[in-house]
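With mmCIF, C-alpha atoms inside, this is protein.cif:
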```cif
data_final
loop_
_atom_site.group_PDB
_atom_site.id
_atom_site.type_symbol
_atom_site.label_atom_id
_atom_site.label_comp_id
_atom_site.auth_asym_id
_atom_site.auth_seq_id
_atom_site.Cartn_x
_atom_site.Cartn_y
_atom_site.Cartn_z
ATOM 1 C CA MET L 1 0.000 0.000 0.000
ATOM 2 C CA ASP L 2 1.387 3.419 -0.879
ATOM 3 C CA ARG L 3 2.021 6.056 1.782
ATOM 4 C CA LEU L 4 -0.910 8.233 0.686
ATOM 5 C CA SER L 5 -3.423 5.410 0.978
ATOM 6 C CA GLU L 6 -1.998 4.383 4.337
ATOM 7 C CA ALA L 7 -2.179 7.959 5.637
ATOM 8 C CA GLU L 8 -5.791 8.204 4.495
ATOM 9 C CA ARG L 9 -6.722 4.955 6.279
ATOM 10 C CA TRP L 10 -5.233 6.155 9.556
ATOM 11 C CA LEU L 11 -6.867 9.581 9.300
ATOM 12 C CA LYS L 12 -10.298 8.124 8.571
ATOM 13 C CA GLN L 13 -10.090 5.934 11.656
ATOM 14 C CA ALA L 14 -8.826 8.867 13.737
ATOM 15 C CA LEU L 15 -11.896 10.867 12.750
ATOM 16 C CA ARG L 16 -14.199 7.962 13.640
ATOM 17 C CA ASP L 17 -12.461 7.593 17.003
ATOM 18 C CA LEU L 18 -13.062 11.279 17.688
ATOM 19 C CA ASP L 19 -16.749 10.870 16.811
ATOM 20 C CA ALA L 20 -16.893 7.826 19.107
ATOM 21 C CA ALA L 21 -15.334 9.886 21.914
ATOM 22 C CA LYS L 22 -18.063 12.487 21.535
ATOM 23 C CA SER L 23 -20.739 9.781 21.556
ATOM 24 C CA SER L 24 -19.227 8.246 24.681
ATOM 25 C CA LEU L 25 -19.185 11.670 26.348
ATOM 26 C CA ASN L 26 -22.857 12.174 25.499
ATOM 27 C CA GLY L 27 -23.659 8.709 26.825
ATOM 28 C CA GLY L 28 -21.842 9.285 30.105
ATOM 29 C CA TYR L 29 -19.020 6.852 29.349
ATOM 30 C CA TYR L 30 -16.373 9.374 30.318
ATOM 31 C CA GLU L 31 -13.488 6.940 30.678
ATOM 32 C CA TRP L 32 -14.124 5.642 27.160
ATOM 33 C CA ALA L 33 -14.420 9.164 25.803
ATOM 34 C CA CYS L 34 -10.948 9.872 27.169
ATOM 35 C CA PHE L 35 -9.476 6.678 25.734
ATOM 36 C CA GLN L 36 -11.097 7.242 22.358
ATOM 37 C CA ALA L 37 -9.809 10.827 22.293
ATOM 38 C CA GLN L 38 -6.307 9.497 22.956
ATOM 39 C CA GLN L 39 -6.737 6.976 20.157
ATOM 40 C CA ALA L 40 -7.954 9.666 17.748
ATOM 41 C CA ALA L 41 -4.870 11.803 18.325
ATOM 42 C CA GLU L 42 -2.518 8.817 18.161
ATOM 43 C CA LYS L 43 -3.975 7.618 14.858
ATOM 44 C CA ALA L 44 -3.984 11.126 13.383
ATOM 45 C CA LEU L 45 -0.280 11.506 14.128
ATOM 46 C CA LYS L 46 0.380 8.081 12.626
ATOM 47 C CA ALA L 47 -1.522 9.236 9.522
ATOM 48 C CA LEU L 48 0.857 12.182 9.177
ATOM 49 C CA LEU L 49 3.892 9.998 9.774
ATOM 50 C CA HIS L 50 2.719 7.521 7.143
ATOM 51 C CA GLY L 51 2.133 10.429 4.781
ATOM 52 C CA LEU L 52 5.722 11.490 5.342
ATOM 53 C CA GLY L 53 6.919 7.951 4.712
ATOM 54 C CA VAL L 54 7.915 7.362 8.329
ATOM 55 C CA GLY L 55 6.861 4.104 9.942
ATOM 56 C CA VAL L 56 6.451 4.128 13.711
ATOM 57 C CA TRP L 57 5.361 1.882 16.556
ATOM 58 C CA GLY L 58 4.028 2.815 19.924
ATOM 59 C CA HIS L 59 1.098 4.570 21.469
ATOM 60 C CA SER L 60 2.546 7.627 23.187
ATOM 61 C CA ILE L 61 1.416 10.858 21.592
ATOM 62 C CA VAL L 62 4.367 12.654 23.194
ATOM 63 C CA GLU L 63 6.750 10.190 21.550
ATOM 64 C CA LEU L 64 5.004 10.446 18.180
ATOM 65 C CA LEU L 65 5.353 14.221 18.333
ATOM 66 C CA ASN L 66 9.012 13.821 19.249
ATOM 67 C CA VAL L 67 9.512 11.944 15.979
ATOM 68 C CA LEU L 68 8.073 14.982 14.178
ATOM 69 C CA LYS L 69 9.953 17.692 16.075
ATOM 70 C CA ASP L 70 12.839 17.874 13.596
ATOM 71 C CA LYS L 71 10.403 18.751 10.804
ATOM 72 C CA TYR L 72 7.747 20.747 12.681
ATOM 73 C CA ASN L 73 7.446 22.919 15.763
ATOM 74 C CA VAL L 74 5.379 20.704 18.047
ATOM 75 C CA ASP L 75 5.946 22.577 21.314
ATOM 76 C CA ASP L 76 2.406 23.975 21.436
ATOM 77 C CA LEU L 77 0.975 20.461 21.172
ATOM 78 C CA MET L 78 2.897 18.868 24.023
ATOM 79 C CA THR L 79 0.478 19.908 26.782
ATOM 80 C CA PHE L 80 -2.363 18.296 24.827
ATOM 81 C CA ALA L 81 -0.245 15.208 24.158
ATOM 82 C CA ARG L 82 0.570 14.749 27.845
ATOM 83 C CA GLU L 83 -3.093 15.177 28.755
ATOM 84 C CA LEU L 84 -4.077 12.432 26.326
ATOM 85 C CA ASP L 85 -1.241 10.041 27.151
ATOM 86 C CA ARG L 86 -2.483 9.981 30.757
ATOM 87 C CA HIS L 87 -5.648 8.276 29.528
ATOM 88 C CA TYR L 88 -4.104 5.409 27.571
ATOM 89 C CA ILE L 89 -4.065 2.788 30.356
ATOM 90 C CA PRO L 90 -6.111 3.994 33.377
ATOM 91 C CA THR L 91 -9.288 4.394 31.339
ATOM 92 C CA ARG L 92 -9.388 0.651 30.699
ATOM 93 C CA TYR L 93 -7.940 -1.246 33.635
ATOM 94 C CA PRO L 94 -9.334 -1.412 37.176
ATOM 95 C CA ASN L 95 -5.894 -2.181 38.596
ATOM 96 C CA SER L 96 -4.755 1.282 37.519
ATOM 97 C CA PHE L 97 -6.361 2.474 40.742
ATOM 98 C CA GLU L 98 -6.061 1.302 44.317
ATOM 99 C CA SER L 99 -9.784 0.650 44.482
ATOM 100 C CA GLY L 100 -12.862 0.918 42.334
ATOM 101 C CA TYR L 101 -12.808 0.836 38.567
ATOM 102 C CA PRO L 102 -12.049 3.412 35.849
ATOM 103 C CA ALA L 103 -15.570 4.773 35.398
ATOM 104 C CA ILE L 104 -15.700 6.241 38.904
ATOM 105 C CA TYR L 105 -12.530 8.279 38.329
ATOM 106 C CA TYR L 106 -13.685 10.071 35.169
ATOM 107 C CA ASP L 107 -16.267 12.789 34.665
ATOM 108 C CA ALA L 108 -17.603 15.034 31.900
ATOM 109 C CA GLU L 109 -15.043 17.768 32.555
ATOM 110 C CA VAL L 110 -12.101 15.406 32.106
ATOM 111 C CA ALA L 111 -13.672 13.872 28.983
ATOM 112 C CA GLU L 112 -14.347 17.297 27.474
ATOM 113 C CA ARG L 113 -10.691 18.286 28.050
ATOM 114 C CA ALA L 114 -9.501 15.091 26.386
ATOM 115 C CA ILE L 115 -11.751 15.623 23.378
ATOM 116 C CA LYS L 116 -10.573 19.229 23.060
ATOM 117 C CA ALA L 117 -6.954 18.051 23.168
ATOM 118 C CA ALA L 118 -7.647 15.492 20.440
ATOM 119 C CA GLU L 119 -9.408 18.098 18.311
ATOM 120 C CA VAL L 120 -6.401 20.409 18.544
ATOM 121 C CA ILE L 121 -4.020 17.655 17.468
ATOM 122 C CA LEU L 122 -6.301 16.456 14.665
ATOM 123 C CA SER L 123 -6.671 19.984 13.340
ATOM 124 C CA TRP L 124 -2.886 20.423 13.343
ATOM 125 C CA VAL L 125 -2.388 17.072 11.592
ATOM 126 C CA ARG L 126 -4.944 17.900 8.913
ATOM 127 C CA GLU L 127 -3.184 21.212 8.257
ATOM 128 C CA LYS L 128 0.154 19.394 7.840
ATOM 129 C CA LEU L 129 -1.449 16.774 5.583
ATOM 130 C CA ARG L 130 -2.815 19.563 3.363
ATOM 131 C CA GLU L 131 0.655 21.129 3.210
ATOM 132 C CA ILE L 132 2.104 17.914 1.828
ATOM 133 C CA GLY L 133 -0.851 17.394 -0.506
ATOM 134 C CA LEU L 134 -2.516 14.520 1.310
ATOM 135 C CA GLU L 135 -5.837 16.081 2.271
ATOM 136 C CA ASN L 136 -8.207 18.525 0.630
#
```
Turn the structure described in the file into C-alpha cells.
Amino acid sequence: MDRLSEAERWLKQALRDLDAAKSSLNGGYYEWACFQAQQAAEKALKALLHGLGVGVWGHSIVELLNVLKDKYNVDDLMTFARELDRHYIPTRYPNSFESGYPAIYYDAEVAERAIKAAEVILSWVREKLREIGLEN
C-alpha cells in the first residue's frame, strides 16, 4: 500500500475515534471518551507519519510528536499530548487504581478536556497533511 493510501486509512479511523469519543461523552461513558480521544490523536499523528513515509510503533502521543519535532514545531501540542497520554491505560484497567474501577474516576469535565486536546491535534495534523498534498 502506498504512503498516501496508508495515511488516508489512519486519518479516517482517527476521525471515527473522535466521533466515538463524543458519543461516549454524550452517553456518560467518560473513561471511554478519554481513551477514544487518545486513540484519535494517536492515529492522526500516525496518519501524518505515514504520509511522510515514516513508519512508527508505539502509542505515546508525546513520543510520536518527538519523531516529528525535527520537521515541525510541536511545542504547542505537548500539553495536549501529555493530557491524552495519561488516559491510555487507566481508562481501561481497574488495577490502575487502588480501588474501584475506571468509570468512577472520570467525569464530563475530564472527557471534554480530552476531546478538546484530540481536536487540537487532529486539526494540526490535517493542516500538515494539506501542506504535503494529502488532504483537501
Proximity check region 1-34 of chain L to region 107-116 of chain L, 10 Å, nearest pairs one decimal Å, all atoms listed in the file, as CSV:
```
residue,atom,partner,partner_atom,distance
L:Leu18,CA,L:Ile115,CA,7.3
L:Asp19,CA,L:Ile115,CA,9.5
L:Ala21,CA,L:Ile115,CA,6.9
L:Lys22,CA,L:Ile115,CA,7.3
L:Ser24,CA,L:Ala111,CA,9.0
L:Leu25,CA,L:Ala111,CA,6.5
L:Asn26,CA,L:Ala108,CA,8.8
L:Gly28,CA,L:Ala108,CA,7.4
L:Tyr29,CA,L:Asp107,CA,8.4
L:Tyr30,CA,L:Ala111,CA,5.4
L:Glu31,CA,L:Ala111,CA,7.1
L:Trp32,CA,L:Ala111,CA,8.4
L:Ala33,CA,L:Ala111,CA,5.7
L:Cys34,CA,L:Ala111,CA,5.2
```
Keeping only C-alpha atoms, write those residues as an mmCIF file, in the frame of the given file.
```cif
data_model
loop_
_atom_site.group_PDB
_atom_site.id
_atom_site.type_symbol
_atom_site.label_atom_id
_atom_site.label_comp_id
_atom_site.auth_asym_id
_atom_site.auth_seq_id
_atom_site.Cartn_x
_atom_site.Cartn_y
_atom_site.Cartn_z
ATOM 1 C CA LEU L 18 -13.062 11.279 17.688
ATOM 2 C CA ASP L 19 -16.749 10.870 16.811
ATOM 3 C CA ALA L 21 -15.334 9.886 21.914
ATOM 4 C CA LYS L 22 -18.063 12.487 21.535
ATOM 5 C CA SER L 24 -19.227 8.246 24.681
ATOM 6 C CA LEU L 25 -19.185 11.670 26.348
ATOM 7 C CA ASN L 26 -22.857 12.174 25.499
ATOM 8 C CA GLY L 28 -21.842 9.285 30.105
ATOM 9 C CA TYR L 29 -19.020 6.852 29.349
ATOM 10 C CA TYR L 30 -16.373 9.374 30.318
ATOM 11 C CA GLU L 31 -13.488 6.940 30.678
ATOM 12 C CA TRP L 32 -14.124 5.642 27.160
ATOM 13 C CA ALA L 33 -14.420 9.164 25.803
ATOM 14 C CA CYS L 34 -10.948 9.872 27.169
#
```
Given the file shown, enumerate the residues that the PyMOL selection byres ((chain L and resi 124) around 12) captures and present them as a ChimeraX atom specification.
/L:41,44-45,47-48,65,72-74,76-77,80,117-123,125-131
To one decimal place, how far is CA of His59 (chain L) from CA of Arg86 (chain L) in Å?
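CA of Arg86 (chain L) lies at a distance of 11.3 Å from CA of His59 (chain L).
Distances from L:Ile89, L:Leu64, L:Ile132, L:Ala81 to Gly51 (chain L) were compared using only C-alpha atoms, and the smallest one belongs to L:Ile132.
Between CA of Gln38 (chain L) and CA of His87 (chain L) lies a distance of 6.7 Å.
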